[in-house]
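What follows is a single structure, written as structure tokens, with notes after it.
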Amino acid sequence: MKILQLHVDYVEYEPIQVESSVYEEVEKKTYRVDDALLLLVSVEKDDDEGLVGEVVKDSIDFMNRMKINKLVLYPYAHLSTELAPPLKAFNIIKKMKEEASSNNVEVYSAPFGWNKRLVIAVKGHPLAEQLKNYSGRPQSREETVSKALLMEEKLKSYWFILTPEGGMIPVEEFDFTSHRNLEYLTRYEIAKSRAVLEQPPHVQLMRKLKIADYESGSDPGNMRWLPKGRLIKSLLEQYVTSKVIEYGGVEVETPIMYDMHHPSLEKYLHRFPARQYIIRTEDKEYFLRFAACFGQFLMASDMVLSYRHLPFWLYELTRYSFRREKSGELAGLRRLRAFTMPDVHAFVKDIEQAKSEMKKRLKLSLEVLEGVGLTRDDVEMAIRFTREFYEENREFIYELVKSFGKPVLAEMWDERFFYFVLKWEFNFIDGQRKAAALSTDQIDVENARQYNITYVDEDGVEKYPIILHCSPSGAIERVIYALLEKAYFTMEKGGKPMLPVWLSPTQVRLIPIAERHLHDCMNIMAKLEEEQIRVDLDDREETVDKKIMEAESEWIPYIVVFGDKEKEKGELAVRVRETGRIEYMKLEKLIEEVRKHNSGKPFKPLSLPKLLSKRPSFK
RNA sequence: GCCCCGGUAGCUCAGCAGGUAGAGCGGCGGCCUCGUAAGCCGCAGGUCGCGGGUUCAAAUCCCGCCCGGGGCUCCA
């Protein structure tokens, strides 16, 4: 059955004369229906009544979305060359009318078997005109079946909530009362329903704090990182890298572009729906990597590995990975076209080794998140697996859930479509109630073969390892996005937003009361710098009030106002952001406090001039 | 891709029943040497995104395009 579906301002038809052996009795006059869904219907040879339900349901769904309740059925033989005999067509259209009526739709039908004058006014929106094709039997070859549709079939998902106590509850039955964010994640994943708000909160913050901004001179989704943002990003990069190396990761660097027609890459590329940036040279085409996998796998396939080496880890932090997301998908730092992704692959012997490795990596990921300033209350875990994997490794899955310690959203597939049998991720739920994945890990049972990565086992036989793909933090830009969104939540609750001290571009701001205190402040600054503390000095000719106001708006954790009293007493007046109070302390105490926050974290100086009078402002 | 919104000084934005530009912040200069969230005065900054049209006259109205953001969607 072919249906031209039109959302019309109005439709008018007037029966002129009978045209077919099968026709309805009808009064010859002009009929008009306003604001309706018009279906021009061609019933075809192989159609049967079984289609009626589906067709009517589709129409009603559409009508609900468009908020209309009038349906006009119009027999229209001109959409097909394989028409059904008139009586059959008539009966099927009649059935459609009955079916729609019984669903409380106001149905009109143009008379069957007549030649009619037809006037239609189609609405001007993009969904107003659609051709629908319904068929009871399998589609013929030339009507290429959408691959995405097939994929969706295969990807039929079953959704559950797994609890740390070992429960597996279908999502419909789970009580989300004390798990709001998990509910948002579930809704986001399943229904893809989204709250409509304005600009994401973090976008305004990233600009206000001079962290990053859009760069209209580049492709959208490629950001400009200002000095403070570069510092924050760099510290996060160093931190994640140091944690991964501590875990065992062996850091490498691989090219950012790869041959489109390389045999190992080609298949993987086609399998991946994300669009790529393509680079053309005189004789070849390259794609920009969209993950760290390519270079590492090519490297691994050239390595000589024995079972004695396993598990073995390769690590790279890509600056950048590229995905040419559709323009409409981009959003601030949440989704970019160029992003920085730490990715550590573990090559393991078998499923047992994979499982024990994955447990370590889950722990690593939690540590990393907590290190950057997010707690496990800030994220929700989702875990996805095939039915087969679940049945064979139930206990392992619950161990993962348990070590996360909160209920987890689970998705189960009947068949393995992707290259992995299990994958989990931590999702941050932001101010718009959208979910963004941060940390993730996967058990990949396919790529070793694809890339010909092998190890020699105890028995002397070459085998394919299993590969785990883990990003312990997720994209670095996304970490910053999450920190800013989290700060926004704090603001909403009336608190003072801030970044973790170790990530704050300026940790201590010195404000001399008058010019005569400048010299002492310079000395204090030098001492703080010796202790690897990021400090700057507001030597501008402005009032103290104004300097404090500006320091506060930069979210500086420690603001020191220095004047005669401090000089005399040998104590500093420190405005501590975390407590919101002014605390008096010796310089040594301040140093100790900041160092406490910095300990175990990388340090890098802020490259901007230390004297604010020398510091230009960035857009 | 589609829809909506936007593009005016370095920034944030006002002006848009057409008469050819304004504020605050910032910058610069001056006064003030200051005690915990914006001291005062003055000055200099603009092809009003681009191209066309209507008009005596366009930032303002019309058409086309470019760029950005948000939402929706992946659907000729």
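By order of appearance in the structure tokens: chains A, B, ..., then residues from 1 within every chain, and ligands from 1 in the order shown.
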* To do: Give the strand (DSSP E or B) residues of segment 355-540 of chain A, as assigned by DSSP on the backbone, as a PyMOL selection string.
  => chain A and resi 379-386+408-413+420-429+435-444+455-456+462-463+466-471+508-512+535-537
| said: as a list of chain:residue names, please: every residue in segment 25-60 of chain A that DSSP puts in alpha helix (DSSP H). | reply: A:Gly50, A:Leu51, A:Val52, A:Gly53, A:Glu54, A:Val55, A:Val56, A:Lys57, A:Asp58, A:Ser59, A:Ile60
Task: Residues of chain A within 10 Å of chain B, only C-alpha atoms (C1' of nucleotides) counted, as a PyMOL selection string - done: chain A and resi 125-127+130+194+196-200+214-217+220+326-328+331-332+512-516+541-553+559-565+573-575+582+617-619
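Coordinates place atom CA of Ala338 of chain A at a distance of 6.6 Å from atom CA of Arg323 of chain A.
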One decimal place gives the atom CA of Ser218 of chain A-atom CA of Gln276 of chain A separation as 15.9 Å
